[in-house]
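See below for the structure under consideration.
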Amino acid sequence: MVNSNSIVFSITTANRCCCYSSNTAALIHYSSSFKLHNQLRISFGFSSQLGPFTSTTSTTWHHAISSDSQGETSASAGGYWDNLGYNPVPTDFMYTMKCLEGEDFSDGGLQPFGSIQLIPSACILNYGQAIIEDLRAYKKQDDSILLFRPEEHGLRMTVGANRLCMPAPTIQQFVEAVKVIVSANRRWIPPPDKGFLHIRALLMGTGAVLSVTPAPEFTFFIYVTPVGKCFEESLKPINLVVENEVQRATCGGVGGVNAISNYAVVLKAQAAAIANDFSDVLFLDSVHNRYLEEVSTANIFVVKV
(Lines give C-alpha, C1' and ligand atoms only; values in the text may rest on other atoms or scores of the structure.)
Protein backbone atom coordinates (compact mmCIF):
# COMPACT_ATOMS: atom_id res chain seq x y z
CA MET A 1 0.00 0.00 0.00
CA VAL A 2 1.27 3.48 -0.86
CA ASN A 3 -0.12 6.61 0.76
CA SER A 4 0.39 9.60 -1.53
CA ASN A 5 -1.05 12.45 0.52
CA SER A 6 -4.81 12.04 0.17
CA ILE A 7 -4.83 9.11 -2.26
CA VAL A 8 -4.35 5.53 -1.11
CA PHE A 9 -3.56 2.79 -3.65
CA SER A 10 -3.64 -0.90 -2.87
CA ILE A 11 -3.34 -4.17 -4.78
CA THR A 12 -6.16 -6.65 -4.35
CA THR A 13 -5.98 -10.40 -4.84
CA ALA A 14 -7.78 -10.01 -8.16
CA ASN A 15 -4.78 -8.02 -9.47
CA ARG A 16 -6.80 -4.82 -9.48
CA CYS A 17 -5.39 -1.62 -8.11
CA CYS A 18 -8.03 0.27 -6.16
CA CYS A 19 -7.95 3.98 -5.50
CA TYR A 20 -9.74 5.35 -2.46
CA SER A 21 -10.06 9.10 -2.14
CA SER A 22 -9.90 10.21 1.47
CA ASN A 23 -12.92 12.46 1.07
CA THR A 24 -15.35 9.84 -0.18
CA ALA A 25 -16.14 6.18 -0.11
CA ALA A 26 -16.20 6.11 -3.91
CA LEU A 27 -13.99 3.45 -5.46
CA ILE A 28 -12.19 3.62 -8.79
CA HIS A 29 -10.75 0.33 -10.05
CA TYR A 30 -7.45 0.37 -11.89
CA SER A 31 -6.72 -2.85 -13.77
CA SER A 32 -3.00 -3.64 -13.42
CA SER A 33 -0.33 -2.83 -10.88
CA PHE A 34 1.66 0.36 -10.48
CA LYS A 35 5.20 1.46 -9.76
CA LEU A 36 6.22 4.43 -7.66
CA HIS A 37 9.49 6.14 -8.59
CA ASN A 38 9.77 9.88 -9.05
CA GLN A 39 6.31 9.77 -10.54
CA LEU A 40 3.28 7.57 -10.13
CA ARG A 41 2.67 5.37 -13.12
CA ILE A 42 -0.64 3.58 -13.49
CA SER A 43 -2.05 1.52 -16.32
CA PHE A 44 -5.75 2.13 -16.49
CA GLY A 45 -8.74 2.88 -18.65
CA PHE A 46 -12.17 4.39 -18.29
CA SER A 47 -15.72 3.80 -19.35
CA SER A 48 -17.86 6.78 -20.37
CA GLN A 49 -19.07 6.89 -16.78
CA LEU A 50 -16.28 7.33 -14.27
CA GLY A 51 -16.61 4.68 -11.63
CA PRO A 52 -15.49 1.05 -11.86
CA PHE A 53 -13.74 0.51 -15.18
CA THR A 54 -11.28 -1.74 -16.97
CA SER A 55 -7.85 -1.20 -18.46
CA THR A 56 -7.32 -0.01 -22.03
CA THR A 57 -4.19 2.15 -22.17
CA SER A 58 -1.25 3.35 -20.11
CA THR A 59 -1.15 6.86 -18.70
CA THR A 60 1.52 8.62 -16.66
CA TRP A 61 0.62 10.80 -13.69
CA HIS A 62 3.45 13.30 -13.43
CA HIS A 63 2.43 14.47 -9.97
CA ALA A 64 0.68 12.65 -7.17
CA ILE A 65 -2.84 13.91 -6.53
CA SER A 66 -3.07 16.03 -3.42
CA SER A 67 -5.82 17.78 -1.51
CA ASP A 68 -6.38 19.32 1.88
CA SER A 69 -6.81 17.21 4.99
CA GLN A 70 -10.53 16.87 4.46
CA GLY A 71 -10.19 15.80 0.82
CA GLU A 72 -12.62 18.56 -0.24
CA THR A 73 -12.11 22.04 -1.62
CA SER A 74 -11.52 24.40 1.27
CA ALA A 75 -14.26 26.59 -0.16
CA SER A 76 -16.84 23.81 -0.23
CA ALA A 77 -18.04 24.69 3.23
CA GLY A 78 -20.33 27.59 3.93
CA GLY A 79 -22.50 27.23 0.86
CA TYR A 80 -19.66 27.62 -1.64
CA TRP A 81 -21.37 25.44 -4.22
CA ASP A 82 -24.60 27.43 -3.87
CA ASN A 83 -22.76 30.62 -4.85
CA LEU A 84 -20.74 29.11 -7.69
CA GLY A 85 -21.10 31.20 -10.84
CA TYR A 86 -19.84 30.89 -14.41
CA ASN A 87 -16.30 32.15 -13.96
CA PRO A 88 -12.94 30.34 -14.07
CA VAL A 89 -11.76 28.87 -10.77
CA PRO A 90 -8.14 27.66 -10.37
CA THR A 91 -8.14 23.89 -9.81
CA ASP A 92 -5.39 21.36 -9.07
CA PHE A 93 -4.19 20.01 -12.40
CA MET A 94 -4.07 20.65 -16.13
CA TYR A 95 -3.14 18.29 -18.94
CA THR A 96 -0.69 18.93 -21.79
CA MET A 97 0.60 16.98 -24.77
CA LYS A 98 2.80 18.21 -27.60
CA CYS A 99 3.90 17.19 -31.07
CA LEU A 100 6.02 18.56 -33.90
CA GLU A 101 4.80 19.12 -37.44
CA GLY A 102 4.55 15.82 -39.27
CA GLU A 103 4.61 13.76 -36.07
CA ASP A 104 1.97 12.31 -33.73
CA PHE A 105 0.93 13.38 -30.27
CA SER A 106 2.42 11.33 -27.42
CA ASP A 107 3.67 11.47 -23.83
CA GLY A 108 0.89 13.63 -22.45
CA GLY A 109 0.45 14.08 -18.73
CA LEU A 110 -0.71 16.12 -15.78
CA GLN A 111 0.90 19.31 -14.52
CA PRO A 112 -0.02 21.54 -11.59
CA PHE A 113 -2.52 24.16 -12.70
CA GLY A 114 -0.79 27.43 -13.58
CA SER A 115 0.39 29.74 -16.30
CA ILE A 116 1.70 28.49 -19.62
CA GLN A 117 4.58 29.92 -21.64
CA LEU A 118 4.25 31.10 -25.23
CA ILE A 119 6.82 32.88 -27.36
CA PRO A 120 5.64 36.15 -28.98
CA SER A 121 5.89 34.61 -32.46
CA ALA A 122 3.65 31.65 -31.59
CA CYS A 123 1.18 31.00 -34.40
CA ILE A 124 -1.80 31.07 -32.05
CA LEU A 125 -0.92 34.61 -30.92
CA ASN A 126 -0.29 35.98 -34.39
CA TYR A 127 -2.72 34.11 -36.63
CA GLY A 128 -5.15 32.37 -34.30
CA GLN A 129 -4.37 28.78 -35.27
CA ALA A 130 -6.36 27.02 -32.55
CA ILE A 131 -9.61 25.21 -31.83
CA ILE A 132 -11.47 24.43 -28.60
CA GLU A 133 -13.84 21.81 -27.31
CA ASP A 134 -16.09 22.13 -24.26
CA LEU A 135 -17.40 19.19 -22.25
CA ARG A 136 -19.05 18.70 -18.88
CA ALA A 137 -18.59 16.24 -16.03
CA TYR A 138 -21.45 15.71 -13.60
CA LYS A 139 -21.44 14.03 -10.22
CA LYS A 140 -24.32 11.59 -9.73
CA GLN A 141 -26.12 10.73 -6.52
CA ASP A 142 -24.04 7.55 -6.14
CA ASP A 143 -20.87 9.68 -6.36
CA SER A 144 -19.93 8.34 -9.80
CA ILE A 145 -18.99 10.82 -12.52
CA LEU A 146 -20.84 11.13 -15.80
CA LEU A 147 -19.44 12.43 -19.10
CA PHE A 148 -21.56 13.01 -22.18
CA ARG A 149 -20.17 11.59 -25.45
CA PRO A 150 -16.51 12.62 -25.04
CA GLU A 151 -15.60 10.60 -28.12
CA GLU A 152 -17.80 12.86 -30.26
CA HIS A 153 -15.88 15.89 -29.03
CA GLY A 154 -12.65 14.10 -29.89
CA LEU A 155 -13.99 13.47 -33.39
CA ARG A 156 -15.01 17.11 -33.82
CA MET A 157 -11.55 18.23 -32.70
CA THR A 158 -10.05 15.98 -35.39
CA VAL A 159 -12.28 17.57 -38.03
CA GLY A 160 -11.45 21.07 -36.82
CA ALA A 161 -7.74 20.33 -36.72
CA ASN A 162 -7.83 19.21 -40.34
CA ARG A 163 -9.59 22.46 -41.32
CA LEU A 164 -6.87 24.54 -39.64
CA CYS A 165 -3.91 22.41 -40.82
CA MET A 166 -3.08 20.94 -37.43
CA PRO A 167 -2.41 17.38 -36.29
CA ALA A 168 -4.83 16.16 -33.64
CA PRO A 169 -4.74 13.65 -30.82
CA THR A 170 -6.47 10.41 -31.67
CA ILE A 171 -10.01 10.07 -30.37
CA GLN A 172 -8.74 7.54 -27.83
CA GLN A 173 -6.03 9.96 -26.65
CA PHE A 174 -8.61 12.72 -26.36
CA VAL A 175 -11.05 10.64 -24.31
CA GLU A 176 -8.34 9.26 -22.02
CA ALA A 177 -6.93 12.76 -21.44
CA VAL A 178 -10.38 14.08 -20.52
CA LYS A 179 -10.92 11.31 -18.02
CA VAL A 180 -7.45 11.68 -16.52
CA ILE A 181 -7.98 15.39 -15.91
CA VAL A 182 -11.47 14.86 -14.49
CA SER A 183 -10.26 12.13 -12.15
CA ALA A 184 -7.32 14.25 -10.98
CA ASN A 185 -9.62 17.20 -10.25
CA ARG A 186 -12.48 15.11 -8.89
CA ARG A 187 -12.77 17.14 -5.68
CA TRP A 188 -13.73 20.18 -7.75
CA ILE A 189 -16.83 18.57 -9.26
CA PRO A 190 -19.91 20.19 -7.68
CA PRO A 191 -22.44 17.96 -5.90
CA PRO A 192 -25.51 16.80 -7.86
CA ASP A 193 -27.81 19.68 -8.83
CA LYS A 194 -25.19 22.28 -7.82
CA GLY A 195 -23.41 22.58 -11.14
CA PHE A 196 -20.81 20.69 -13.14
CA LEU A 197 -17.13 20.54 -13.98
CA HIS A 198 -16.50 22.51 -17.17
CA ILE A 199 -13.80 20.84 -19.30
CA ARG A 200 -12.01 23.08 -21.81
CA ALA A 201 -9.77 21.35 -24.35
CA LEU A 202 -7.58 23.41 -26.68
CA LEU A 203 -5.47 22.45 -29.66
CA MET A 204 -3.16 25.24 -30.74
CA GLY A 205 -0.20 26.05 -32.93
CA THR A 206 2.44 27.08 -30.40
CA GLY A 207 5.48 27.00 -32.67
CA ALA A 208 7.12 30.19 -33.98
CA VAL A 209 6.05 31.65 -37.34
CA LEU A 210 6.42 34.97 -39.11
CA SER A 211 4.67 34.37 -42.41
CA VAL A 212 1.15 32.96 -42.59
CA THR A 213 1.97 29.26 -42.37
CA PRO A 214 1.00 26.42 -40.03
CA ALA A 215 2.98 26.24 -36.82
CA PRO A 216 5.94 23.83 -36.60
CA GLU A 217 4.85 22.72 -33.11
CA PHE A 218 1.43 22.05 -31.58
CA THR A 219 0.08 21.73 -28.05
CA PHE A 220 -3.01 19.89 -26.84
CA PHE A 221 -4.12 21.32 -23.54
CA ILE A 222 -6.99 20.72 -21.10
CA TYR A 223 -8.02 22.59 -17.98
CA VAL A 224 -11.17 22.31 -15.87
CA THR A 225 -13.19 24.60 -13.63
CA PRO A 226 -16.30 24.10 -11.49
CA VAL A 227 -19.33 25.92 -12.83
CA GLY A 228 -22.74 26.77 -11.43
CA LYS A 229 -25.61 28.10 -13.50
CA CYS A 230 -24.90 29.07 -17.09
CA PHE A 231 -27.60 31.74 -16.84
CA GLU A 232 -28.81 33.49 -13.74
CA GLU A 233 -32.33 32.78 -14.93
CA SER A 234 -31.65 29.03 -14.65
CA LEU A 235 -34.53 27.26 -16.43
CA LYS A 236 -36.59 30.41 -16.80
CA PRO A 237 -37.05 31.84 -20.32
CA ILE A 238 -34.27 34.14 -21.51
CA ASN A 239 -34.55 37.19 -23.75
CA LEU A 240 -32.68 37.12 -27.05
CA VAL A 241 -32.24 40.00 -29.44
CA VAL A 242 -32.06 39.33 -33.20
CA GLU A 243 -28.88 40.70 -34.78
CA ASN A 244 -29.48 42.11 -38.29
CA GLU A 245 -26.02 43.42 -39.16
CA VAL A 246 -23.31 41.15 -37.73
CA GLN A 247 -23.10 37.54 -38.94
CA ARG A 248 -21.92 34.80 -36.61
CA ALA A 249 -20.60 32.60 -39.46
CA THR A 250 -20.21 32.92 -43.22
CA CYS A 251 -20.24 30.48 -46.12
CA GLY A 252 -16.81 29.03 -46.73
CA GLY A 253 -15.54 30.12 -43.33
CA VAL A 254 -14.75 28.14 -40.20
CA GLY A 255 -18.17 28.32 -38.57
CA GLY A 256 -18.46 24.55 -38.86
CA VAL A 257 -15.57 23.98 -36.43
CA ASN A 258 -14.73 25.42 -33.03
CA ALA A 259 -11.99 27.79 -34.20
CA ILE A 260 -11.13 30.34 -31.52
CA SER A 261 -11.52 33.11 -34.11
CA ASN A 262 -15.26 32.37 -34.20
CA TYR A 263 -15.93 33.91 -30.82
CA ALA A 264 -14.34 37.36 -30.62
CA VAL A 265 -16.60 38.52 -33.47
CA VAL A 266 -19.70 38.21 -31.25
CA LEU A 267 -18.40 40.31 -28.37
CA LYS A 268 -19.55 43.73 -29.61
CA ALA A 269 -23.08 42.58 -30.45
CA GLN A 270 -23.27 40.60 -27.22
CA ALA A 271 -22.17 43.56 -25.10
CA ALA A 272 -24.79 45.77 -26.76
CA ALA A 273 -27.47 43.16 -26.10
CA ILE A 274 -26.56 42.85 -22.43
CA ALA A 275 -26.51 46.63 -22.07
CA ASN A 276 -30.12 46.62 -23.27
CA ASP A 277 -31.20 43.95 -20.77
CA PHE A 278 -31.09 40.99 -23.18
CA SER A 279 -29.52 37.68 -22.22
CA ASP A 280 -27.78 37.02 -25.53
CA VAL A 281 -27.82 37.56 -29.29
CA LEU A 282 -29.64 35.49 -31.91
CA PHE A 283 -27.71 35.62 -35.18
CA LEU A 284 -29.18 35.16 -38.65
CA ASP A 285 -27.71 33.41 -41.68
CA SER A 286 -25.14 35.27 -43.76
CA VAL A 287 -26.78 34.64 -47.15
CA HIS A 288 -30.38 35.76 -46.74
CA ASN A 289 -30.12 37.45 -43.35
CA ARG A 290 -33.49 36.03 -42.36
CA TYR A 291 -33.03 32.43 -41.18
CA LEU A 292 -32.08 31.60 -37.59
CA GLU A 293 -28.44 30.57 -37.26
CA GLU A 294 -27.38 30.36 -33.60
CA VAL A 295 -26.76 32.37 -30.46
CA SER A 296 -23.32 33.60 -29.44
CA THR A 297 -21.88 30.33 -28.17
CA ALA A 298 -24.52 27.66 -28.79
CA ASN A 299 -26.99 26.20 -31.25
CA ILE A 300 -30.68 27.01 -31.00
CA PHE A 301 -33.57 24.61 -31.43
CA VAL A 302 -37.13 25.75 -32.14
CA VAL A 303 -40.12 23.60 -31.28
CA LYS A 304 -43.40 24.46 -32.97
CA VAL A 305 -46.43 23.75 -30.78
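If you're wondering about the labels, chains in the C-alpha coordinates are A, B, ... by order shown, residues count from 1 in each chain, ligands from 1 in order shown.
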### Task
Going by DSSP on the backbone, which bits of range 50-288 of chain A are helix (DSSP H, G or I)? Write them as a ChimeraX atom specification, please.
/A:74-76,81-83,123-127,150-163,171-184,186-188,261-264,267-275
### Message
Just want the 12 Å neighbourhood of Thr170 in chain A, counted on only C-alpha atoms, with same-chain residues fewer than 3 positions away dropped. Output as a PyMOL selection string.
### Response
chain A and resi 97+104-106+151-159+161+167+173-177+220
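Coordinates place CA of Ile116 in chain A at a distance of 13.5 Å from CA of Pro90 in chain A.
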### Task
Using backbone DSSP assignments, extract all strand (DSSP E) residues from range 90-278 of chain A; output them as an MDAnalysis selection string.
chainID A and resid 93:100 106:112 130:139 145:147 196:205 217:227 240:243
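The coordinates place CA of Leu203 in chain A at 13.7 Å from CA of Leu118 in chain A.
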### Message
Need to verify the contact set: range 281-289 of chain A, 10 Å, only C-alpha atoms, exclusion of same-chain residues closer than 2 positions in sequence. Can you return it as a PyMOL selection string?
### Response
chain A and resi 239-251+266-267+269-274+278-279+291-300
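Minimum atom-to-atom distance to Leu210 in chain A, evaluated using only C-alpha atoms, belongs to A:Ser121 out of A:Thr225, A:Asn258, A:Ser121, A:Asn87.
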### Query
Restricting the calculation to only C-alpha atoms, which member of A:Gly109, A:Gly253, A:Gly85, A:Gly102 is positioned closest to Pro216 in chain A?
A:Gly102
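Shortest separation to Ala264 in chain A among A:Ile145, A:Pro237, A:Val209, A:Gly128 occurs at residue A:Gly128, atoms counted being only C-alpha atoms.
For the set A:Tyr138, A:Trp81, A:Tyr223, A:Phe218, the residue with the smallest atom-to-atom gap to Leu197 in chain A is A:Tyr138, counting only C-alpha atoms.
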